[in-house]
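K.L.:
Here you go, one structure.
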Amino acid sequence: MELAPRSPPAPPPAKRAPIPAPPVESPFRAGDRVRFPDPQRNEQMTNGTFVALTVGEPIEVPSRVGGVPPRLVESAWVRREDGTTARVIHGWIRPAEDASP
């Protein structure tokens, strides 16, 4: 008995485009003391200084819900106390005197 040929598998669903980042104005100016989640320290809040808002360089944040596209959020450059720089999510930067997480 001969089996009928199988139909090809369905193509995977198309990847949805990220949701664009809305433009933001920063309350921080270059040189302001800030705290930020450091990507090199497992997102631990780290002291440093604000360098600049990165206009046109958003960071893609994946969704935790299936089927929901990632979103793009504004990023900023910050300088760690050791002098190295990092690009982080702008909305997660806090003033240095702010003790909230």
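So you can find residues: chains in the structure tokens are A, B, ... in the order shown, residues in each start at 1, and ligands are numbered from 1 in order.
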Within 12 Å of region 27-30 of chain A, counting only C-alpha atoms, which residues show up once you throw out same-chain ones fewer than 3 positions away? Write them as a list of chain:residue names, please.
P.N.:
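Residues near the query, excluding close chain neighbours: A:Val24, A:Arg33, A:Val34, A:Arg35, A:Gly48, A:Thr49, A:Phe50, A:Val51, A:Ala52, A:Leu53, A:Ala76, A:Trp77, A:Val78, A:Arg79, A:His90, A:Gly91, A:Ile93, A:Arg94, A:Pro95, A:Ala96.
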K.L.:
Go ahead and write the selection's residues with N, CA and C atoms as an mmCIF file, in the first residue's frame.
P.N.:
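And here's again-v4.cif as it stands now:
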data_model
loop_
_atom_site.group_PDB
_atom_site.id
_atom_site.type_symbol
_atom_site.label_atom_id
_atom_site.label_comp_id
_atom_site.auth_asym_id
_atom_site.auth_seq_id
_atom_site.Cartn_x
_atom_site.Cartn_y
_atom_site.Cartn_z
ATOM 1 N N VAL A 24 11.240 61.245 23.400
ATOM 2 C CA VAL A 24 11.216 61.671 24.801
ATOM 3 C C VAL A 24 12.126 62.869 24.993
ATOM 4 N N ARG A 33 24.626 63.464 37.919
ATOM 5 C CA ARG A 33 24.833 62.202 38.634
ATOM 6 C C ARG A 33 23.543 61.393 38.546
ATOM 7 N N VAL A 34 23.659 60.113 38.143
ATOM 8 C CA VAL A 34 22.495 59.253 37.976
ATOM 9 C C VAL A 34 22.784 57.849 38.507
ATOM 10 N N ARG A 35 21.713 57.068 38.629
ATOM 11 C CA ARG A 35 21.795 55.634 38.909
ATOM 12 C C ARG A 35 21.104 54.947 37.737
ATOM 13 N N GLY A 48 26.693 56.628 38.330
ATOM 14 C CA GLY A 48 27.470 57.131 37.213
ATOM 15 C C GLY A 48 26.990 58.514 36.832
ATOM 16 N N THR A 49 27.311 58.924 35.618
ATOM 17 C CA THR A 49 26.875 60.233 35.123
ATOM 18 C C THR A 49 26.168 60.060 33.785
ATOM 19 N N PHE A 50 25.216 60.949 33.541
ATOM 20 C CA PHE A 50 24.474 60.961 32.291
ATOM 21 C C PHE A 50 25.361 61.584 31.230
ATOM 22 N N VAL A 51 25.406 60.966 30.030
ATOM 23 C CA VAL A 51 26.201 61.501 28.928
ATOM 24 C C VAL A 51 25.285 62.176 27.917
ATOM 25 N N ALA A 52 24.333 61.411 27.347
ATOM 26 C CA ALA A 52 23.443 61.980 26.329
ATOM 27 C C ALA A 52 22.307 61.019 26.003
ATOM 28 N N LEU A 53 21.216 61.578 25.531
ATOM 29 C CA LEU A 53 20.109 60.795 24.999
ATOM 30 C C LEU A 53 20.526 60.339 23.604
ATOM 31 N N ALA A 76 19.906 55.846 26.276
ATOM 32 C CA ALA A 76 20.805 56.947 26.619
ATOM 33 C C ALA A 76 22.174 56.378 26.938
ATOM 34 N N TRP A 77 23.179 57.213 26.759
ATOM 35 C CA TRP A 77 24.540 56.846 27.146
ATOM 36 C C TRP A 77 24.795 57.347 28.556
ATOM 37 N N VAL A 78 25.387 56.474 29.359
ATOM 38 C CA VAL A 78 25.785 56.828 30.722
ATOM 39 C C VAL A 78 27.245 56.419 30.906
ATOM 40 N N ARG A 79 27.910 57.069 31.864
ATOM 41 C CA ARG A 79 29.307 56.742 32.155
ATOM 42 C C ARG A 79 29.378 56.184 33.573
ATOM 43 N N HIS A 90 16.567 54.596 28.700
ATOM 44 C CA HIS A 90 16.451 55.918 29.298
ATOM 45 C C HIS A 90 15.448 55.940 30.451
ATOM 46 N N GLY A 91 14.326 55.281 30.290
ATOM 47 C CA GLY A 91 13.278 55.304 31.311
ATOM 48 C C GLY A 91 13.669 54.663 32.631
ATOM 49 N N ILE A 93 16.696 55.149 34.070
ATOM 50 C CA ILE A 93 17.715 55.983 34.735
ATOM 51 C C ILE A 93 17.031 56.793 35.823
ATOM 52 N N ARG A 94 17.661 56.905 36.971
ATOM 53 C CA ARG A 94 17.142 57.655 38.111
ATOM 54 C C ARG A 94 18.168 58.680 38.563
ATOM 55 N N PRO A 95 17.697 59.797 39.146
ATOM 56 C CA PRO A 95 18.665 60.743 39.732
ATOM 57 C C PRO A 95 19.453 60.043 40.835
ATOM 58 N N ALA A 96 20.701 60.423 41.031
ATOM 59 C CA ALA A 96 21.559 59.765 42.015
ATOM 60 C C ALA A 96 20.989 59.844 43.420
#
K.L.:
In Å, how far is it from CA of Arg6 (chain A) to CA of Gly66 (chain A)?
P.N.:
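That distance, rounded to one decimal, is 29.1 Å.
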K.L.:
Would you mind telling me which residue in A:Ser75, A:Thr85, A:Thr46, A:Ser26 lies nearest to Glu60 (chain A) when using only C-alpha atoms?
P.N.:
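Going through A:Ser75, A:Thr85, A:Thr46, A:Ser26 one by one, the smallest distance to Glu60 (chain A) is for A:Ser75.
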K.L.:
What's around Asp38 (chain A) at 8 Å? Count only C-alpha atoms, leave out sequence neighbours fewer than 6 positions away in its own chain, and write the answer as a JSON list (two decimals) with N, CA and C atoms, in the first residue's frame.
P.N.:
[["chain", "number", "residue", "atom", "x", "y", "z"],
["A", 44, "GLN", "N", 22.13, 45.46, 37.90],
["A", 44, "GLN", "CA", 22.20, 46.04, 39.24],
["A", 44, "GLN", "C", 22.31, 47.56, 39.12],
["A", 45, "MET", "N", 21.58, 48.28, 39.97],
["A", 45, "MET", "CA", 21.63, 49.74, 39.93],
["A", 45, "MET", "C", 23.05, 50.21, 40.26],
["A", 46, "THR", "N", 23.57, 51.07, 39.40],
["A", 46, "THR", "CA", 24.96, 51.52, 39.45],
["A", 46, "THR", "C", 25.01, 53.04, 39.39],
["A", 86, "ALA", "N", 28.01, 52.97, 28.81],
["A", 86, "ALA", "CA", 27.02, 51.95, 28.49],
["A", 86, "ALA", "C", 25.80, 52.63, 27.90],
["A", 88, "VAL", "N", 21.91, 52.37, 27.85],
["A", 88, "VAL", "CA", 20.86, 51.78, 28.69],
["A", 88, "VAL", "C", 19.50, 52.36, 28.33]]
